[in-house]
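Next comes upload25.pdb, a file with PDB, C-alpha atoms.
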ATOM      1  CA  MET A 814    -205.674 164.655  45.364  1.00  0.00           C
ATOM      2  CA  ASP A 815    -208.647 163.393  43.359  1.00  0.00           C
ATOM      3  CA  LYS A 816    -207.411 162.136  39.976  1.00  0.00           C
ATOM      4  CA  LYS A 817    -210.898 162.511  38.510  1.00  0.00           C
ATOM      5  CA  VAL A 818    -210.665 166.255  39.175  1.00  0.00           C
ATOM      6  CA  VAL A 819    -207.192 166.357  37.631  1.00  0.00           C
ATOM      7  CA  LEU A 820    -208.406 164.427  34.585  1.00  0.00           C
ATOM      8  CA  LYS A 821    -211.334 166.828  34.206  1.00  0.00           C
ATOM      9  CA  ALA A 822    -208.912 169.780  34.285  1.00  0.00           C
ATOM     10  CA  VAL A 823    -206.771 168.106  31.603  1.00  0.00           C
ATOM     11  CA  LEU A 824    -209.852 167.504  29.449  1.00  0.00           C
ATOM     12  CA  THR A 825    -210.877 171.143  29.849  1.00  0.00           C
ATOM     13  CA  ALA A 826    -207.407 172.281  28.745  1.00  0.00           C
ATOM     14  CA  MET A 827    -207.506 169.925  25.760  1.00  0.00           C
ATOM     15  CA  GLU A 828    -210.969 171.173  24.817  1.00  0.00           C
ATOM     16  CA  GLU A 829    -209.657 174.734  24.782  1.00  0.00           C
ATOM     17  CA  GLU A 830    -206.744 173.609  22.589  1.00  0.00           C
ATOM     18  CA  LEU A 831    -209.235 171.953  20.206  1.00  0.00           C
ATOM     19  CA  ARG A 832    -211.161 175.222  19.921  1.00  0.00           C
ATOM     20  CA  ARG A 833    -207.935 177.130  19.248  1.00  0.00           C
ATOM     21  CA  GLN A 834    -206.838 174.638  16.597  1.00  0.00           C
ATOM     22  CA  LEU A 835    -210.237 174.672  14.900  1.00  0.00           C
ATOM     23  CA  LYS A 836    -210.140 178.468  14.688  1.00  0.00           C
ATOM     24  CA  GLY A 837    -206.638 178.353  13.161  1.00  0.00           C
ATOM     25  CA  GLN A 838    -207.723 175.700  10.682  1.00  0.00           C
ATOM     26  CA  GLU A 839    -210.745 177.761   9.643  1.00  0.00           C
ATOM     27  CA  MET A 840    -208.596 180.863   9.161  1.00  0.00           C
ATOM     28  CA  ALA A 841    -206.062 178.959   7.045  1.00  0.00           C
ATOM     29  CA  ALA A 842    -208.822 177.392   4.905  1.00  0.00           C
ATOM     30  CA  GLU A 843    -210.409 180.802   4.421  1.00  0.00           C
ATOM     31  CA  GLY A 844    -207.047 182.227   3.383  1.00  0.00           C
ATOM     32  CA  ALA A 845    -206.518 179.419   0.880  1.00  0.00           C
ATOM     33  CA  THR A 846    -209.854 180.036  -0.851  1.00  0.00           C
ATOM     34  CA  HIS A 847    -209.928 183.827  -0.615  1.00  0.00           C
ATOM     35  CA  ALA A 848    -210.035 185.684  -3.934  1.00  0.00           C
ATOM     36  CA  GLU A 849    -206.764 187.453  -3.128  1.00  0.00           C
ATOM     37  CA  ALA A 850    -205.025 184.083  -2.666  1.00  0.00           C
ATOM     38  CA  LYS A 851    -205.395 183.286  -6.376  1.00  0.00           C
ATOM     39  CA  ALA A 852    -201.975 183.016  -8.000  1.00  0.00           C
ATOM     40  CA  GLU A 853    -201.118 185.947 -10.243  1.00  0.00           C
ATOM     41  CA  THR A 854    -197.860 184.408 -11.460  1.00  0.00           C
ATOM     42  CA  LYS A 855    -196.395 180.912 -11.418  1.00  0.00           C
ATOM     43  CA  TRP A 856    -194.216 181.957  -8.471  1.00  0.00           C
ATOM     44  CA  ASP A 857    -197.138 183.173  -6.395  1.00  0.00           C
ATOM     45  CA  THR A 858    -197.761 180.301  -3.959  1.00  0.00           C
ATOM     46  CA  CYS A 859    -199.677 182.070  -1.183  1.00  0.00           C
ATOM     47  CA  GLY A 860    -202.915 180.164  -1.780  1.00  0.00           C
ATOM     48  CA  LEU A 861    -201.073 176.851  -2.104  1.00  0.00           C
ATOM     49  CA  GLU A 862    -199.171 177.468   1.137  1.00  0.00           C
ATOM     50  CA  GLN A 863    -202.415 178.342   2.941  1.00  0.00           C
ATOM     51  CA  SER A 864    -204.002 175.100   1.721  1.00  0.00           C
ATOM     52  CA  TYR A 865    -201.003 173.081   2.979  1.00  0.00           C
ATOM     53  CA  LEU A 866    -201.292 174.855   6.319  1.00  0.00           C
ATOM     54  CA  ALA A 867    -205.037 174.176   6.491  1.00  0.00           C
ATOM     55  CA  ARG A 868    -204.466 170.488   5.713  1.00  0.00           C
ATOM     56  CA  GLY A 869    -201.746 170.183   8.371  1.00  0.00           C
ATOM     57  CA  LEU A 870    -203.907 171.902  10.963  1.00  0.00           C
ATOM     58  CA  ALA A 871    -206.827 169.619  10.085  1.00  0.00           C
ATOM     59  CA  ARG A 872    -204.652 166.555  10.694  1.00  0.00           C
ATOM     60  CA  GLN A 873    -203.473 167.950  14.046  1.00  0.00           C
ATOM     61  CA  PHE A 874    -207.065 168.669  15.005  1.00  0.00           C
ATOM     62  CA  GLU A 875    -208.207 165.142  14.106  1.00  0.00           C
ATOM     63  CA  LYS A 876    -205.388 163.595  16.150  1.00  0.00           C
ATOM     64  CA  LEU A 877    -206.137 165.770  19.191  1.00  0.00           C
ATOM     65  CA  ALA A 878    -209.892 165.108  18.877  1.00  0.00           C
ATOM     66  CA  LYS A 879    -209.261 161.342  18.914  1.00  0.00           C
ATOM     67  CA  GLU A 880    -206.956 161.666  21.942  1.00  0.00           C
ATOM     68  CA  PHE A 881    -209.606 163.793  23.673  1.00  0.00           C
ATOM     69  CA  GLU A 882    -212.288 161.150  23.083  1.00  0.00           C
ATOM     70  CA  ASP A 883    -209.985 158.365  24.289  1.00  0.00           C
ATOM     71  CA  LEU A 884    -209.154 160.362  27.415  1.00  0.00           C
ATOM     72  CA  ARG A 885    -212.836 161.025  28.138  1.00  0.00           C
ATOM     73  CA  ALA A 886    -213.376 157.276  28.383  1.00  0.00           C
ATOM     74  CA  PHE A 887    -210.266 156.720  30.535  1.00  0.00           C
ATOM     75  CA  ARG A 888    -210.672 155.861  34.221  1.00  0.00           C
ATOM     76  CA  PRO A 889    -207.383 156.072  36.156  1.00  0.00           C
ATOM     77  CA  GLU A 890    -206.749 153.365  38.725  1.00  0.00           C
ATOM     78  CA  ASP A 891    -205.094 153.672  42.128  1.00  0.00           C
ATOM     79  CA  PHE A 892    -201.337 153.104  41.990  1.00  0.00           C
ATOM     80  CA  SER A 893    -200.668 153.003  45.741  1.00  0.00           C
ATOM     81  CA  GLY A 894    -198.055 150.267  46.261  1.00  0.00           C
ATOM     82  CA  LYS A 895    -197.911 149.515  42.526  1.00  0.00           C
ATOM     83  CA  PRO A 896    -195.319 150.384  39.893  1.00  0.00           C
ATOM     84  CA  ILE A 897    -195.953 153.643  38.039  1.00  0.00           C
ATOM     85  CA  GLY A 898    -198.087 153.235  34.923  1.00  0.00           C
ATOM     86  CA  ILE A 899    -200.632 155.078  32.787  1.00  0.00           C
ATOM     87  CA  GLY A 900    -202.993 156.985  35.084  1.00  0.00           C
ATOM     88  CA  ALA A 901    -200.532 157.463  37.933  1.00  0.00           C
ATOM     89  CA  LEU A 902    -200.290 160.799  39.714  1.00  0.00           C
ATOM     90  CA  ILE A 903    -196.663 161.152  40.773  1.00  0.00           C
ATOM     91  CA  GLU A 904    -194.972 163.603  43.103  1.00  0.00           C
ATOM     92  CA  ALA A 905    -191.266 163.634  42.416  1.00  0.00           C
ATOM     93  CA  GLU A 906    -188.288 165.614  43.628  1.00  0.00           C
ATOM     94  CA  MET A 907    -185.519 166.536  41.218  1.00  0.00           C
ATOM     95  CA  GLU A 908    -182.570 168.777  41.854  1.00  0.00           C
ATOM     96  CA  GLY A 909    -184.289 170.127  44.993  1.00  0.00           C
ATOM     97  CA  PHE A 910    -187.603 170.941  43.280  1.00  0.00           C
ATOM     98  CA  LYS A 911    -190.875 169.050  43.734  1.00  0.00           C
ATOM     99  CA  ASP A 912    -193.063 168.387  40.710  1.00  0.00           C
ATOM    100  CA  LEU A 913    -196.443 166.755  40.290  1.00  0.00           C
ATOM    101  CA  PHE A 914    -196.887 164.652  37.133  1.00  0.00           C
ATOM    102  CA  PHE A 915    -199.906 162.882  35.674  1.00  0.00           C
ATOM    103  CA  LEU A 916    -198.821 160.032  33.397  1.00  0.00           C
ATOM    104  CA  LEU A 917    -201.182 159.642  30.431  1.00  0.00           C
ATOM    105  CA  ASP A 918    -201.026 158.213  26.904  1.00  0.00           C
ATOM    106  CA  CYS A 919    -201.625 161.658  25.401  1.00  0.00           C
ATOM    107  CA  GLY A 920    -201.666 165.341  26.274  1.00  0.00           C
ATOM    108  CA  GLY A 921    -197.970 165.514  27.154  1.00  0.00           C
ATOM    109  CA  GLY A 922    -196.898 169.000  28.181  1.00  0.00           C
ATOM    110  CA  THR A 923    -200.379 170.091  29.236  1.00  0.00           C
ATOM    111  CA  GLU A 924    -200.223 171.967  32.519  1.00  0.00           C
ATOM    112  CA  VAL A 925    -203.214 172.360  34.812  1.00  0.00           C
ATOM    113  CA  ARG A 926    -203.748 173.833  38.260  1.00  0.00           C
ATOM    114  CA  VAL A 927    -205.771 171.818  40.773  1.00  0.00           C
ATOM    115  CA  ASP A 928    -206.103 172.633  44.485  1.00  0.00           C
ATOM    116  CA  GLY A 929    -203.447 175.313  44.089  1.00  0.00           C
ATOM    117  CA  ARG A 930    -200.869 172.878  42.654  1.00  0.00           C
ATOM    118  CA  GLU A 931    -199.505 172.791  39.148  1.00  0.00           C
ATOM    119  CA  ILE A 932    -199.654 169.379  37.495  1.00  0.00           C
ATOM    120  CA  THR A 933    -197.849 168.525  34.276  1.00  0.00           C
ATOM    121  CA  VAL A 934    -199.106 165.779  31.992  1.00  0.00           C
ATOM    122  CA  ILE A 935    -196.309 163.489  30.820  1.00  0.00           C
ATOM    123  CA  THR A 936    -196.375 160.508  28.479  1.00  0.00           C
ATOM    124  CA  PRO A 937    -194.308 157.313  28.587  1.00  0.00           C
ATOM    125  CA  GLU A 938    -192.464 158.585  25.486  1.00  0.00           C
ATOM    126  CA  SER A 939    -191.225 161.723  27.251  1.00  0.00           C
ATOM    127  CA  PRO A 940    -187.828 161.623  28.978  1.00  0.00           C
ATOM    128  CA  VAL A 941    -189.357 162.029  32.452  1.00  0.00           C
ATOM    129  CA  GLY A 942    -192.177 159.594  31.705  1.00  0.00           C
ATOM    130  CA  ALA A 943    -189.769 156.941  30.420  1.00  0.00           C
ATOM    131  CA  ALA A 944    -187.625 157.386  33.547  1.00  0.00           C
ATOM    132  CA  LEU A 945    -190.632 157.035  35.891  1.00  0.00           C
ATOM    133  CA  VAL A 946    -192.551 154.118  34.336  1.00  0.00           C
ATOM    134  CA  GLY A 947    -192.215 151.030  36.530  1.00  0.00           C
ATOM    135  CA  LYS A 948    -190.752 152.901  39.519  1.00  0.00           C
ATOM    136  CA  PHE A 949    -192.139 152.758  43.065  1.00  0.00           C
ATOM    137  CA  VAL A 950    -192.336 155.305  45.887  1.00  0.00           C
ATOM    138  CA  GLY A 951    -188.817 155.972  47.157  1.00  0.00           C
ATOM    139  CA  ASP A 952    -187.106 154.863  43.943  1.00  0.00           C
ATOM    140  CA  ALA A 953    -184.479 157.075  42.370  1.00  0.00           C
ATOM    141  CA  TYR A 954    -184.607 157.897  38.677  1.00  0.00           C
ATOM    142  CA  SER A 955    -182.412 159.745  36.235  1.00  0.00           C
ATOM    143  CA  PHE A 956    -182.527 161.046  32.703  1.00  0.00           C
ATOM    144  CA  ARG A 957    -180.331 163.228  30.580  1.00  0.00           C
ATOM    145  CA  ALA A 958    -176.770 163.723  31.677  1.00  0.00           C
ATOM    146  CA  GLY A 959    -176.751 164.034  35.453  1.00  0.00           C
ATOM    147  CA  MET A 960    -180.418 164.840  36.139  1.00  0.00           C
ATOM    148  CA  ASP A 961    -181.459 162.700  39.119  1.00  0.00           C
ATOM    149  CA  GLY A 962    -184.662 162.557  41.098  1.00  0.00           C
ATOM    150  CA  ARG A 963    -186.656 160.532  43.606  1.00  0.00           C
ATOM    151  CA  VAL A 964    -190.288 159.403  43.573  1.00  0.00           C
ATOM    152  CA  LEU A 965    -191.978 160.876  46.659  1.00  0.00           C
ATOM    153  CA  SER A 966    -195.537 159.593  46.211  1.00  0.00           C
ATOM    154  CA  VAL A 967    -197.706 157.745  43.707  1.00  0.00           C
ATOM    155  CA  GLU A 968    -201.494 157.698  43.610  1.00  0.00           C
TER     156      GLU A 968
END

Once you've parsed the file, please lay out its structure as structure tokens.
Amino acid sequence: MDKKVVLKAVLTAMEEELRRQLKGQEMAAEGATHAEAKAETKWDTCGLEQSYLARGLARQFEKLAKEFEDLRAFRPEDFSGKPIGIGALIEAEMEGFKDLFFLLDCGGGTEVRVDGREITVITPESPVGAALVGKFVGDAYSFRAGMDGRVLSVE
């Protein structure tokens, strides 16, 4: 599988998430400044809560935008015969199920479909990512109580 195609699919998914977050941020900011958000009593905190929400969403957006830019510049290397690291595309079997993971510094949890296969982005901080980093094809790995797996392939 071409990792450049997978990376492009991840970037597309992140771009969509950026659009969604921007829309939410704009709605929260609009709600915070709307005439009806003005406090009528000292206990009326609707406008204040909307401004906190808008600020939190803006911070999330900035973080995701930076990760997106970093990922656009990223060029994954080939991990054939090497230990698993950032940029590896890993097929693993766990509890009888096969999964395809793309190990990246950001975007954990993003799921994309490429060539009819679902690929999940994991980070080294995730339980699965931490268990896989440094492993080779054929190595066993485990995480959580009793969850075991085996690395089937690494690209």

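The interatomic distance for the pair CA of Ala901 (chain A) and CA of Leu916 (chain A) works out to 5.5 Å.
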
In Å, how far is it from CA of Tyr865 (chain A) to CA of Asp883 (chain A)?
27.4 Å

With the PyMOL selection byres ((chain A and resi 890) around 10) as the selection, what would be picked from this file? Answer as a ChimeraX atom specification, please.
/A:816,887-889,891-893,898-902,968

Could you spell out the hits of the PyMOL selection byres ((chain A and resi 870-873) around 10) on the shown file, as a VMD selection string?
chain A and resid 831 834 to 839 841 to 842 864 to 869 874 to 878

Rounded to one decimal, what separation in Å do you get between CA of Phe881 (chain A) and CA of Phe914 (chain A)?
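The value is 18.5 Å.
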
So that I can see what lies close to Ala953 (chain A), please list as a list in words the residues with an atom at most 12 Å from it, counting only C-alpha atoms and leaving out residues fewer than 2 positions away in the same chain.
Ala905, Glu906, Met907, Glu908, Ala944, Leu945, Val946, Gly947, Lys948, Phe949, Val950, Gly951, Ser955, Phe956, Met960, Asp961, Gly962, Arg963, Val964, Leu965 and Ser966 of chain A
